[in-house]
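Take a look at the structure set out below.
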Amino acid sequence: MVPLMIVLAYLLGSISSAVLVCKLKGLPDPRYHGSNNPGATNVLRLGGKAAAVMVLLFDVLKGTIPVWTGYHLGIDPLSLAFIGIAACLGHIYPVFFGFKGGKGVATALGALAPISDWMGLLIIATWLVIVFITQYASLGAVLTSMLAPLYTYLIKPQYTLSVALLCLLIIWRHQDNLVRLWQGKEPKVSERIKRNRDGHP
């Protein structure tokens, strides 16, 4: 059962909602425009809030559906972690879209949500507060990933290792962003939106 769930999670994760939504709305391919990242943040820059919300919801569901299904099938916490990681790897390296995917943040959020309603709310609130204060979506993702295992330990400690493994994947995926943040070269969300509205790449 677990190997099948892992494969199905990867295949579901491989459906790039950012590319599909942009095609549907006649927007540029997010893999080759803006930040070249097919995720909700880049779609926000390229096409506005409505398109970004569509991408965000679908990307979250890509993580939630397989993990929620596994949870209710009684699959153990460590195996659930690998199912969640498979969904994220599908988003990051989608087999249907030339293995060029996004950062996996929304899909990871979806994978963590079935653990607890409080868990999902804490993660969303943490990310929103950090991005609101700093204007760096990548910094929000990294810091939230660092805090998520602590939240898990306080809410459902048996899932701490599982969440930590998933969060390590997200932090690793943001290594280029961390370098740019350290160098002071990471664009803020507001700056990127303004540049795209003014017609700049």
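Lettering and numbering for the structure tokens are positional, with chains as A, B, ... in the shown order, residues counted from 1 in each chain, and ligands counted from 1 in the shown order.
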
Using only C-alpha atoms, which residues of stretch 20-88 of chain A come within 7 Å of stretch 153-162 of chain A, and what is the closest atom pair for each, with the distance in Å to one decimal? Give it as a Markdown table, sorted by chain and residue number.
| residue | atom | partner | partner_atom | distance |
| --- | --- | --- | --- | --- |
| A:Pro77 | CA | A:Tyr159 | CA | 5.8 |
| A:Leu78 | CA | A:Ser162 | CA | 5.4 |
| A:Ala81 | CA | A:Ser162 | CA | 4.7 |

*Close residues, A:Met5 itself excluded, 12 Å, only C-alpha atoms, min 5 positions apart in chain, as a PyMOL selection string*: chain A and resi 10-13+63+65-71+73+75+79-87

*Could you work out how far atom CA of A:Cys167 lies from atom CA of A:Leu181, giving the answer in Å with one decimal?*
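Separation of atom CA of A:Leu181 and atom CA of A:Cys167: 18.9 Å.
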
*If you count only C-alpha atoms, which residues fall within 10 Å of stretch 136-143 of chain A, apart from same-chain ones fewer than 6 positions away, as an NGL selection string?*
:A and (41 or 103-106 or 109 or 123-124 or 126-130 or 167-168 or 170-178 or 181 or 186-190)

Generate a file of the selected residues that holds C-alpha atoms, formatted as a PDB file, in the first residue's frame.
ATOM      1  CA  THR A  41       4.120  33.609  -5.897  1.00  0.00           C
ATOM      2  CA  LYS A 103       9.765  25.198  -4.647  1.00  0.00           C
ATOM      3  CA  GLY A 104       7.154  22.889  -3.116  1.00  0.00           C
ATOM      4  CA  VAL A 105       6.080  25.203  -0.291  1.00  0.00           C
ATOM      5  CA  ALA A 106       2.311  25.097  -0.887  1.00  0.00           C
ATOM      6  CA  LEU A 109       1.771  22.979   3.575  1.00  0.00           C
ATOM      7  CA  ILE A 123       2.080  27.489   9.630  1.00  0.00           C
ATOM      8  CA  ILE A 124      -0.052  29.816   7.508  1.00  0.00           C
ATOM      9  CA  THR A 126       3.794  32.239  10.602  1.00  0.00           C
ATOM     10  CA  TRP A 127       4.437  32.505   6.867  1.00  0.00           C
ATOM     11  CA  LEU A 128       2.076  35.467   6.455  1.00  0.00           C
ATOM     12  CA  VAL A 129       3.576  37.393   9.383  1.00  0.00           C
ATOM     13  CA  ILE A 130       7.158  36.867   8.196  1.00  0.00           C
ATOM     14  CA  CYS A 167      10.827  20.735   6.058  1.00  0.00           C
ATOM     15  CA  LEU A 168      14.456  19.853   5.309  1.00  0.00           C
ATOM     16  CA  ILE A 170      11.852  22.744   1.511  1.00  0.00           C
ATOM     17  CA  ILE A 171      14.886  24.428   3.090  1.00  0.00           C
ATOM     18  CA  TRP A 172      17.218  22.594   0.690  1.00  0.00           C
ATOM     19  CA  ARG A 173      15.061  23.734  -2.257  1.00  0.00           C
ATOM     20  CA  HIS A 174      15.558  27.354  -1.157  1.00  0.00           C
ATOM     21  CA  GLN A 175      19.355  27.261  -1.029  1.00  0.00           C
ATOM     22  CA  ASP A 176      19.699  29.682  -3.969  1.00  0.00           C
ATOM     23  CA  ASN A 177      17.274  32.082  -2.288  1.00  0.00           C
ATOM     24  CA  LEU A 178      19.288  31.898   0.940  1.00  0.00           C
ATOM     25  CA  LEU A 181      19.253  36.866   0.826  1.00  0.00           C
ATOM     26  CA  GLU A 186      16.784  38.639  -3.226  1.00  0.00           C
ATOM     27  CA  PRO A 187      13.935  40.780  -4.644  1.00  0.00           C
ATOM     28  CA  LYS A 188      11.037  41.550  -2.359  1.00  0.00           C
ATOM     29  CA  VAL A 189       7.541  40.430  -3.321  1.00  0.00           C
ATOM     30  CA  SER A 190       6.325  44.013  -3.741  1.00  0.00           C
TER      31      SER A 190
END

_Let me make sure I understand: among A:Arg180, A:Pro114, A:Gly48, A:Ala18, which one has the smallest atom-to-atom distance to A:His72 if we use only C-alpha atoms?_
A:Pro114

_DSSP alpha helix (DSSP H) residues within stretch 11-128 of chain A, listed as an MDAnalysis selection string_ = chainID A and resid 11:13 17:24 40:47 49:72 77:92 105:112 117:128
